[in-house]
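Participant: For reference, this is upload_17.cif, and it has mmCIF, C-alpha atoms and all ligand atoms.
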```cif
data_data
#
loop_
_atom_site.label_atom_id
_atom_site.label_comp_id
_atom_site.auth_asym_id
_atom_site.auth_seq_id
_atom_site.Cartn_x
_atom_site.Cartn_y
_atom_site.Cartn_z
CA LEU D 1 -9.90 -45.54 -99.58
CA THR D 2 -13.25 -43.97 -100.45
CA HIS D 3 -11.95 -40.56 -99.46
CA GLY D 4 -8.94 -40.92 -101.77
CA ALA D 5 -11.17 -42.02 -104.65
CA LEU D 6 -13.45 -39.01 -104.18
CA VAL D 7 -10.53 -36.60 -103.84
CA GLU D 8 -9.34 -37.89 -107.20
CA THR D 9 -12.79 -37.57 -108.81
CA LEU D 10 -13.13 -34.01 -107.53
CA GLN D 11 -9.62 -32.99 -108.67
CA GLU D 12 -10.34 -34.33 -112.15
CA LEU D 13 -13.69 -32.54 -112.32
CA ALA D 14 -13.24 -29.22 -114.15
CA LEU D 15 -15.61 -27.00 -112.15
CA LEU D 16 -18.04 -24.59 -113.76
CA ASP D 17 -17.79 -21.47 -111.57
CA HIS D 18 -21.19 -19.85 -112.14
CA HIS D 19 -20.61 -16.68 -110.13
CA VAL D 20 -17.24 -15.03 -110.24
CA HIS D 21 -15.58 -11.67 -110.93
CA GLY D 22 -12.28 -10.66 -112.52
CA ALA D 23 -8.91 -11.27 -110.86
CA ILE D 24 -6.78 -8.27 -109.98
CA SER D 25 -4.02 -7.34 -112.42
CA VAL D 26 -1.84 -5.12 -110.23
CA PRO D 27 0.73 -5.96 -107.52
CA LEU D 28 -0.45 -5.78 -103.89
CA ASP D 29 1.71 -4.93 -100.88
CA ARG D 30 1.04 -6.42 -97.43
CA ASP D 31 -1.48 -3.76 -96.43
CA GLU D 32 -3.32 -3.83 -99.78
CA PHE D 33 -3.45 -7.62 -99.72
CA GLU D 34 -4.87 -7.65 -96.18
CA HIS D 35 -7.55 -5.24 -97.36
CA VAL D 36 -8.81 -7.56 -100.13
CA ILE D 37 -9.05 -10.77 -98.06
CA THR D 38 -12.09 -9.56 -96.12
CA GLU D 39 -15.57 -8.48 -97.21
CA SER D 40 -15.36 -5.47 -94.89
CA ASP D 41 -14.18 -2.23 -96.44
CA ARG D 42 -13.81 -0.59 -93.05
CA PRO D 43 -10.30 -0.03 -91.69
CA ARG D 44 -8.79 -3.00 -89.85
CA ARG D 45 -8.66 -2.84 -86.09
CA ALA D 46 -5.28 -1.41 -85.10
CA GLY D 47 -2.63 -4.02 -84.45
CA CYS D 48 -4.68 -6.88 -85.95
CA SER D 49 -4.03 -8.89 -89.13
CA ASN D 50 -6.55 -10.39 -91.55
CA PHE D 51 -4.20 -13.36 -91.84
CA ASP D 52 -5.60 -14.29 -88.40
CA THR D 53 -8.87 -15.47 -89.95
CA GLN D 54 -10.14 -18.65 -91.58
CA ILE D 55 -9.27 -17.30 -95.02
CA GLY D 56 -5.83 -16.13 -93.88
CA LEU D 57 -5.12 -19.59 -92.53
CA ALA D 58 -6.42 -21.22 -95.74
CA ILE D 59 -4.18 -18.96 -97.86
CA ARG D 60 -1.09 -20.04 -95.90
CA LYS D 61 -2.14 -23.69 -96.02
CA TRP D 62 -3.32 -24.03 -99.66
CA CYS D 63 -2.17 -21.01 -101.71
CA ALA D 64 1.42 -20.93 -100.45
CA PRO D 65 2.23 -24.35 -102.04
CA ALA D 66 0.46 -23.27 -105.25
CA LEU D 67 2.96 -20.40 -105.44
CA GLY D 68 5.93 -22.67 -104.77
CA LEU D 69 6.25 -22.03 -101.02
CA GLU D 70 6.05 -24.31 -98.01
CA ALA D 71 2.60 -24.48 -96.42
CA PHE D 72 2.16 -22.11 -93.47
CA VAL D 73 4.88 -19.60 -94.38
CA SER D 74 4.55 -16.24 -92.63
CA PRO D 75 2.23 -13.59 -94.11
CA ASP D 76 5.26 -11.44 -94.99
CA GLU D 77 6.92 -14.30 -96.88
CA TYR D 78 3.66 -15.00 -98.68
CA VAL D 79 3.14 -11.41 -99.81
CA ALA D 80 6.82 -11.12 -100.81
CA ARG D 81 6.45 -14.21 -103.03
CA ARG D 82 3.37 -12.71 -104.71
CA LEU D 83 5.31 -9.52 -105.45
CA GLU D 84 8.32 -11.46 -106.69
CA LEU D 85 6.21 -13.52 -109.15
CA GLY D 86 4.11 -10.56 -110.33
CA PRO D 87 0.34 -10.45 -111.00
CA ARG D 88 0.37 -12.40 -114.27
CA ALA D 89 2.24 -15.40 -112.85
CA VAL D 90 0.21 -15.35 -109.60
CA ASN D 91 -3.07 -15.27 -111.53
CA GLU D 92 -1.97 -18.09 -113.85
CA ALA D 93 -0.80 -20.31 -110.99
CA LEU D 94 -3.97 -19.83 -108.96
CA LEU D 95 -6.59 -19.74 -111.74
CA ARG D 96 -5.10 -22.74 -113.56
CA GLY D 97 -4.64 -24.43 -110.19
CA ALA D 98 -8.39 -24.06 -109.59
CA HIS D 99 -8.94 -26.40 -112.56
CA LEU D 100 -12.04 -24.75 -113.96
CA GLY D 101 -14.23 -25.96 -116.82
CA GLY D 102 -15.66 -22.47 -117.33
CA LEU D 103 -16.47 -19.16 -115.66
CA LEU D 104 -19.63 -17.05 -115.68
CA ILE D 105 -18.32 -13.59 -114.90
CA ASP D 106 -20.24 -10.73 -113.30
CA THR D 107 -18.79 -7.72 -115.11
CA GLY D 108 -20.93 -5.16 -113.27
CA PHE D 109 -18.40 -4.26 -110.62
CA ALA D 110 -15.42 -3.90 -112.93
CA THR D 111 -12.57 -1.56 -112.25
CA GLY D 112 -9.55 -0.83 -114.41
CA THR D 113 -7.50 -3.19 -112.25
CA LEU D 114 -9.61 -6.34 -112.83
CA LEU D 115 -9.14 -8.76 -115.74
CA ASP D 116 -12.06 -8.72 -118.21
CA VAL D 117 -13.95 -11.76 -119.57
CA ASN D 118 -11.45 -12.52 -122.35
CA GLN D 119 -8.43 -12.03 -120.11
CA MET D 120 -9.96 -14.33 -117.48
CA ALA D 121 -10.52 -17.03 -120.12
CA ASP D 122 -6.92 -16.65 -121.27
CA VAL D 123 -5.37 -16.76 -117.80
CA SER D 124 -7.52 -19.65 -116.53
CA ARG D 125 -7.45 -21.59 -119.83
CA ALA D 126 -11.21 -22.10 -119.62
CA PRO D 127 -14.10 -20.56 -121.53
CA ALA D 128 -15.64 -17.49 -119.88
CA TRP D 129 -19.03 -15.87 -120.44
CA GLU D 130 -20.57 -12.62 -119.27
CA ILE D 131 -23.33 -12.13 -116.70
CA VAL D 132 -24.84 -8.65 -117.03
CA ARG D 133 -25.47 -6.67 -113.87
CA LEU D 134 -28.93 -5.10 -114.17
CA GLU D 135 -28.23 -2.02 -112.05
CA ALA D 136 -25.13 -1.22 -114.14
CA VAL D 137 -27.30 -1.30 -117.29
CA ALA D 138 -29.82 1.10 -115.70
CA GLU D 139 -27.05 3.47 -114.59
CA ARG D 140 -25.58 3.50 -118.09
CA VAL D 141 -28.84 4.15 -119.97
CA ILE D 142 -30.14 6.81 -117.55
CA THR D 143 -27.39 9.12 -118.80
CA HIS D 144 -29.05 9.37 -122.24
CA CYS D 145 -32.80 8.96 -121.81
CA ASN D 146 -35.72 10.57 -120.00
CA ALA D 147 -38.25 9.22 -117.51
CA SER D 148 -40.71 8.00 -120.14
CA THR D 149 -38.13 6.33 -122.41
CA PHE D 150 -36.11 4.71 -119.58
CA ALA D 151 -37.97 1.37 -119.64
CA ASP D 152 -37.53 0.92 -123.40
CA HIS D 153 -33.85 1.82 -123.20
CA VAL D 154 -33.27 -0.79 -120.48
CA ARG D 155 -35.09 -3.48 -122.46
CA ALA D 156 -33.13 -2.66 -125.62
CA ALA D 157 -29.79 -2.71 -123.76
CA LEU D 158 -30.60 -6.10 -122.21
CA SER D 159 -31.62 -7.61 -125.56
CA GLU D 160 -28.40 -6.28 -127.04
CA ALA D 161 -26.32 -7.86 -124.27
CA ALA D 162 -28.07 -11.19 -124.76
CA ALA D 163 -27.48 -11.01 -128.52
CA ALA D 164 -23.81 -10.31 -127.83
CA GLY D 165 -23.52 -13.57 -125.87
CA ALA D 166 -24.33 -12.75 -122.24
CA LYS D 167 -25.52 -15.92 -120.48
CA GLY D 168 -27.50 -14.37 -117.65
CA THR D 169 -28.29 -11.30 -115.58
CA LYS D 170 -27.69 -10.37 -111.96
CA SER D 171 -29.68 -8.24 -109.52
CA ILE D 172 -28.07 -6.50 -106.57
CA ALA D 173 -31.41 -5.26 -105.21
CA ALA D 174 -30.22 -6.65 -101.86
CA TYR D 175 -27.47 -4.02 -101.78
CA ARG D 176 -29.48 -1.13 -103.08
CA TYR D 177 -32.69 -1.54 -101.09
CA GLY D 178 -33.41 -5.07 -99.87
CA LEU D 179 -35.04 -8.16 -101.34
CA ASP D 180 -38.35 -6.72 -100.07
CA VAL D 181 -38.71 -4.64 -103.25
CA PRO D 182 -42.18 -4.80 -104.89
CA GLN D 183 -42.55 -8.44 -105.91
CA ALA D 184 -45.22 -7.90 -108.58
CA ARG D 185 -44.35 -6.43 -111.98
CA PRO D 186 -44.56 -2.61 -111.80
CA SER D 187 -46.71 -0.86 -114.43
CA GLU D 188 -45.12 1.27 -117.15
CA ALA D 189 -46.54 4.37 -115.43
CA GLU D 190 -45.00 3.40 -112.10
CA VAL D 191 -41.63 2.84 -113.79
CA ALA D 192 -41.75 6.22 -115.56
CA ALA D 193 -42.68 8.00 -112.31
CA ALA D 194 -39.86 6.28 -110.41
CA ALA D 195 -37.40 7.08 -113.21
CA GLY D 196 -38.47 10.74 -112.92
CA THR D 197 -37.77 10.67 -109.17
CA TRP D 198 -34.38 9.11 -109.85
CA LEU D 199 -33.50 11.74 -112.49
CA HIS D 200 -34.28 14.50 -109.96
CA GLU D 201 -32.06 12.75 -107.44
CA ILE D 202 -29.23 12.55 -110.01
CA ASP D 203 -29.63 16.29 -110.67
CA SER D 204 -29.44 17.21 -107.01
CA THR D 205 -26.74 14.75 -105.85
CA GLY D 206 -24.64 14.32 -108.99
CA GLN D 207 -24.68 10.54 -108.37
CA ASN D 208 -26.53 8.02 -110.52
CA ARG D 209 -26.79 5.05 -108.16
CA VAL D 210 -30.13 3.29 -108.73
CA SER D 211 -31.89 2.40 -105.47
CA HIS D 212 -35.59 3.11 -106.06
CA PRO D 213 -37.47 -0.10 -105.15
CA VAL D 214 -39.81 0.19 -108.14
CA LEU D 215 -36.85 0.50 -110.53
CA LEU D 216 -35.05 -2.44 -108.91
CA SER D 217 -38.21 -4.50 -109.33
CA PHE D 218 -38.59 -3.33 -112.93
CA LEU D 219 -35.03 -4.48 -113.64
CA MET D 220 -35.78 -7.93 -112.19
CA TRP D 221 -38.89 -8.23 -114.34
CA SER D 222 -37.04 -7.05 -117.45
CA ALA D 223 -34.58 -9.88 -116.79
CA VAL D 224 -37.47 -12.34 -116.47
CA ASP D 225 -38.69 -11.27 -119.93
CA LEU D 226 -35.22 -11.93 -121.32
CA ALA D 227 -35.64 -15.57 -120.18
CA LEU D 228 -31.94 -15.94 -119.32
CA PRO D 229 -31.04 -17.18 -115.83
CA LEU D 230 -31.47 -14.35 -113.30
CA GLN D 231 -29.00 -14.26 -110.40
CA PHE D 232 -29.71 -12.54 -107.08
CA HIS D 233 -27.19 -11.46 -104.53
CA VAL D 234 -28.44 -13.07 -101.29
CA GLY D 235 -27.09 -12.93 -97.72
CA TYR D 236 -23.40 -12.39 -96.97
CA GLY D 237 -21.68 -9.72 -99.00
CA ASP D 238 -19.95 -6.37 -98.79
CA SER D 239 -20.29 -4.18 -95.75
CA ASP D 240 -23.11 -2.01 -97.12
CA ILE D 241 -25.70 -4.80 -96.93
CA ARG D 242 -28.56 -4.93 -94.41
CA LEU D 243 -28.37 -8.63 -93.69
CA LEU D 244 -31.94 -9.15 -92.50
CA ARG D 245 -33.26 -7.71 -95.77
CA ALA D 246 -31.01 -10.00 -97.84
CA ASN D 247 -32.97 -13.10 -96.81
CA PRO D 248 -34.16 -14.97 -99.94
CA ALA D 249 -37.47 -15.85 -98.24
CA LEU D 250 -38.36 -12.19 -98.96
CA LEU D 251 -38.46 -13.18 -102.66
CA THR D 252 -41.15 -15.83 -102.17
CA ASP D 253 -43.92 -13.85 -103.89
CA PHE D 254 -41.56 -13.11 -106.79
CA MET D 255 -40.84 -16.84 -107.06
CA VAL D 256 -44.56 -17.59 -107.17
CA ALA D 257 -45.10 -14.88 -109.79
CA THR D 258 -42.28 -16.13 -112.03
CA GLN D 259 -42.66 -19.89 -111.71
CA GLU D 260 -44.27 -20.27 -115.15
CA SER D 261 -42.13 -17.59 -116.81
CA GLY D 262 -39.37 -19.78 -118.22
CA CYS D 263 -36.76 -17.73 -116.33
CA ASP D 264 -34.58 -19.65 -113.87
CA VAL D 265 -33.60 -17.90 -110.63
CA MET D 266 -30.13 -18.37 -109.10
CA LEU D 267 -29.65 -17.46 -105.43
CA LEU D 268 -25.99 -16.52 -104.90
CA HIS D 269 -23.87 -17.03 -101.75
CA CYS D 270 -26.90 -17.26 -99.45
CA TYR D 271 -24.98 -17.69 -96.16
CA PRO D 272 -26.30 -17.56 -93.44
CA TYR D 273 -29.61 -18.11 -95.29
CA HIS D 274 -28.42 -21.16 -97.24
CA ARG D 275 -31.12 -23.21 -95.51
CA GLU D 276 -33.83 -20.77 -96.64
CA ALA D 277 -32.33 -20.92 -100.14
CA ALA D 278 -32.30 -24.72 -100.09
CA TYR D 279 -35.94 -24.67 -99.04
CA LEU D 280 -36.85 -22.38 -101.97
CA ALA D 281 -34.82 -24.59 -104.34
CA GLN D 282 -36.86 -27.60 -103.24
CA MET D 283 -40.22 -25.77 -103.50
CA PHE D 284 -39.77 -24.05 -106.85
CA PRO D 285 -38.67 -25.93 -109.99
CA HIS D 286 -37.02 -22.73 -111.37
CA VAL D 287 -34.95 -21.86 -108.27
CA PHE D 288 -31.27 -22.83 -107.78
CA PHE D 289 -28.69 -21.78 -105.17
CA ASP D 290 -25.00 -21.85 -104.27
CA ILE D 291 -22.90 -21.37 -101.13
CA GLY D 292 -19.97 -19.56 -102.75
CA GLU D 293 -18.06 -16.92 -100.83
CA ALA D 294 -19.03 -18.42 -97.46
CA ILE D 295 -16.72 -21.34 -98.32
CA ASN D 296 -13.70 -19.04 -98.69
CA TYR D 297 -14.39 -17.06 -95.56
CA SER D 298 -15.15 -20.10 -93.40
CA GLY D 299 -11.96 -21.89 -94.53
CA LEU D 300 -11.54 -25.24 -92.86
CA GLN D 301 -14.97 -24.89 -91.23
CA SER D 302 -16.58 -24.76 -94.69
CA ILE D 303 -17.07 -28.52 -94.35
CA GLN D 304 -20.10 -27.92 -92.16
CA ILE D 305 -21.60 -25.35 -94.56
CA VAL D 306 -21.18 -27.78 -97.45
CA ARG D 307 -22.81 -30.46 -95.27
CA GLU D 308 -25.76 -28.14 -94.55
CA SER D 309 -26.10 -27.26 -98.24
CA LEU D 310 -26.78 -30.94 -98.88
CA GLU D 311 -29.68 -31.17 -96.41
CA ILE D 312 -32.99 -30.54 -98.19
CA ALA D 313 -32.16 -29.14 -101.61
CA PRO D 314 -32.32 -31.63 -104.47
CA PHE D 315 -28.81 -32.43 -105.74
CA TYR D 316 -29.90 -31.11 -109.13
CA LYS D 317 -30.61 -27.64 -107.68
CA GLN D 318 -27.25 -26.62 -106.21
CA LEU D 319 -24.46 -24.96 -108.21
CA TYR D 320 -20.76 -24.37 -107.57
CA SER D 321 -19.34 -20.85 -107.27
CA SER D 322 -16.24 -19.27 -105.76
CA ASP D 323 -17.43 -15.64 -105.94
CA GLY D 324 -13.75 -14.92 -106.52
CA TRP D 325 -13.15 -11.17 -106.84
CA GLY D 326 -9.77 -9.44 -106.92
CA PRO D 327 -7.01 -11.64 -105.51
CA ALA D 328 -6.98 -14.96 -107.42
CA GLU D 329 -6.52 -16.68 -104.07
CA LEU D 330 -10.33 -16.46 -103.83
CA HIS D 331 -10.91 -18.21 -107.17
CA PHE D 332 -8.41 -20.90 -106.18
CA LEU D 333 -9.53 -21.44 -102.59
CA GLY D 334 -13.21 -21.56 -103.53
CA ALA D 335 -12.44 -24.58 -105.70
CA GLN D 336 -9.93 -26.21 -103.33
CA LEU D 337 -12.03 -25.88 -100.18
CA TRP D 338 -15.22 -27.00 -101.94
CA ARG D 339 -13.46 -30.08 -103.29
CA ASN D 340 -12.00 -30.84 -99.85
CA ALA D 341 -15.38 -30.50 -98.16
CA MET D 342 -17.31 -32.51 -100.75
CA ALA D 343 -14.76 -35.34 -100.55
CA GLU D 344 -15.02 -35.33 -96.76
CA VAL D 345 -18.82 -35.27 -96.57
CA LEU D 346 -19.52 -37.68 -99.44
CA SER D 347 -16.91 -40.23 -98.33
CA GLN D 348 -18.66 -40.41 -94.96
CA TRP D 349 -21.94 -41.22 -96.71
CA VAL D 350 -20.24 -43.98 -98.70
CA ASP D 351 -18.29 -45.37 -95.74
CA ARG D 352 -21.49 -45.64 -93.73
CA ASP D 353 -23.05 -47.48 -96.65
CA GLU D 354 -25.74 -44.80 -97.10
CA CYS D 355 -24.65 -44.06 -100.67
CA THR D 356 -22.61 -45.80 -103.37
CA LEU D 357 -19.33 -44.39 -104.63
CA ALA D 358 -20.93 -44.03 -108.07
CA ASP D 359 -23.79 -41.97 -106.59
CA ALA D 360 -21.35 -39.78 -104.66
CA ARG D 361 -19.38 -39.10 -107.84
CA ARG D 362 -22.56 -38.29 -109.74
CA PHE D 363 -23.81 -35.81 -107.09
CA ALA D 364 -20.42 -34.05 -107.03
CA THR D 365 -20.42 -33.80 -110.83
CA LEU D 366 -23.96 -32.41 -110.90
CA ILE D 367 -23.20 -29.67 -108.37
CA GLY D 368 -19.68 -28.92 -109.56
CA ARG D 369 -20.47 -28.66 -113.22
CA ASP D 370 -23.47 -30.29 -114.91
CA ASN D 371 -26.32 -28.39 -113.21
CA ALA D 372 -24.84 -25.02 -114.21
CA ALA D 373 -23.98 -26.20 -117.74
CA ALA D 374 -27.60 -27.24 -118.26
CA VAL D 375 -29.27 -24.19 -116.76
CA TYR D 376 -27.04 -21.60 -118.52
CA GLY D 377 -26.83 -23.63 -121.72
CA VAL D 378 -23.03 -23.45 -121.85
CA GLU D 379 -20.45 -26.07 -122.68
CA PRO D 380 -17.56 -26.19 -120.22
CA ARG D 381 -14.22 -27.50 -121.44
ZN ZN P 1 -20.00 -11.78 -106.32
#
```
Could you render the structure from this file as structure tokens?
Facilitator:
Amino acid sequence: LTHGALVETLQELALLDHHVHGAISVPLDRDEFEHVITESDRPRRAGCSNFDTQIGLAIRKWCAPALGLEAFVSPDEYVARRLELGPRAVNEALLRGAHLGGLLIDTGFATGTLLDVNQMADVSRAPAWEIVRLEAVAERVITHCNASTFADHVRAALSEAAAAGAKGTKSIAAYRYGLDVPQARPSEAEVAAAAGTWLHEIDSTGQNRVSHPVLLSFLMWSAVDLALPLQFHVGYGDSDIRLLRANPALLTDFMVATQESGCDVMLLHCYPYHREAAYLAQMFPHVFFDIGEAINYSGLQSIQIVRESLEIAPFYKQLYSSDGWGPAELHFLGAQLWRNAMAEVLSQWVDRDECTLADARRFATLIGRDNAAAVYGVEPR
């Protein structure tokens, strides 16, 4: 009875997805689809299928019915149905099926085949706002400035993005170096010297990928000055990460240094460091976290990750995210699996008389929507 009531509450709750990317706008054949339902970009092991994973199972269980198929159809039938419907209809079915109140979209890893902010709002029928990726800003401005003007160009570009309506920034220092970048604010001279080193590197390699630890730190501090929420990629992610150096505990000195700054810090994904993230969220009033992405890739076992996310972090410090990127199955499943897990965990609390139904509903609403609305200052539908 309690479980049913909570399932209903969670279905009615239009989630605010605070970390998400565009959905893919081109058709995918079986091989292409298998390639985008894993975080690994290495070739699959010969003779193996990515449908034989938690996410593959969850797609057949939950996404197949959303596309008008029986649950547990074969992978070939599933991919054939996707192709038959076409990208627009697939994206509408899955993004509307996710029942979102709003999306905060990381536009930094955009390709020509992903829907942009306005297209995502249109397809999902929910308001969408931009989150600016700091490293993408640096890589854009470095093409038209020199070492000594780099810092000012970055600051101007960030102010411009904020004025144009961006609701936050995101650092991928974890991908480019590690979260053990210099935690204190670098001096202007240090930034200019590092920018000079980077410009030499661009000259000799022809690539403008920013990875200098001083520059990554400078970008973080420029975001702090902007006073919009600052997101960090933490833990689980693409295959180029060094997992040990993506532990959010490495940011502790940065948290101490920014606690009075007025800038809120959002730790994204976090798995398998969601307990470290929850600890930081309890210790620091300006730190929040989510467990997005791990939910999709742990499928039906995501119940235990959701349970762990509710251990020591205050209920007002966790946010919902799907980290959907590419196939809209990820945007849909993030929402579906999170709702399933929250209903399961919270109904146990209520059934054991450790929590009232009203409290359970309130905690779900805080995490699914209200915490993010407050911290980003946005109004979900
Ligand atoms: Zn992401």
Participant: Residues at most 10 Å from ligand ZN 1 (chain P), using all atoms listed in the file? Could they come as a PyMOL selection string?
Facilitator: chain D and resi 19-22+105-109+170+172+232-234+236-238+268-269+292-293+321-325
Participant: Contacts of Leu366 (chain D) at 9 Å or less, counting only C-alpha atoms, minus same-chain residues fewer than 2 places along, as a list of chain:residue names?
Facilitator: D:Phe315, D:Tyr316, D:Lys317, D:Gln318, D:Leu319, D:Arg361, D:Arg362, D:Phe363, D:Ala364, D:Gly368, D:Arg369, D:Asp370, D:Asn371, D:Ala372
Participant: Out of D:Ile202, D:Arg125, D:Pro27, D:Arg42, which residue has the shortest atom-to-atom distance to Arg81 (chain D) when counting only C-alpha atoms?
Facilitator: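 Among the listed residues, D:Pro27 lies closest to Arg81 (chain D).
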Participant: If you measure from CA of Leu346 (chain D) to CA of Leu1 (chain D), what distance in Å do you get, rounded to one decimal?
Facilitator: 12.4 Å
Participant: Which residue, D:Thr111, D:Ser222, D:Gln183, D:Asn340, has the smallest gap to Ala257 (chain D) when you use only C-alpha atoms?
Facilitator: D:Gln183
Participant: Do you know which residues are at most 8 Å from Ala126 (chain D) counting all atoms listed in the file, after dropping those on the same chain fewer than 6 positions away, and could you put them as a PyMOL selection string?
Facilitator: chain D and resi 100-103+380-381
Participant: Under the rule that all atoms listed in the file are counted, which of D:Asp240, D:Glu354, D:Glu260, D:Asp41 is the nearest residue to Gly178 (chain D)?
Facilitator: D:Asp240
Participant: Measure the distance from CA of Val256 (chain D) to CA of Leu179 (chain D) in Å and round it to one decimal.
Facilitator: 14.6 Å
Participant: Which one of D:Glu329, D:Asp225, D:Glu311, D:Glu276 sits closest to Phe33 (chain D) if you count all atoms listed in the file?
Facilitator: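 Among D:Glu329, D:Asp225, D:Glu311, D:Glu276, it is D:Glu329 that comes nearest to Phe33 (chain D).
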Participant: From the list D:His286, D:His212, D:His18, D:Arg45, which residue is nearest Trp198 (chain D) when using only C-alpha atoms?
Facilitator: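 When distances to Trp198 (chain D) are compared using only C-alpha atoms, the smallest one comes from D:His212.
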Participant: Take the point (4.5, -20.2, -104.4) as written in the file and pick out every residue within 12 Å of it, counting all atoms listed in the file; give the list as a ChimeraX atom specification.
Facilitator: /D:59-73,77-86,89-94,97,329
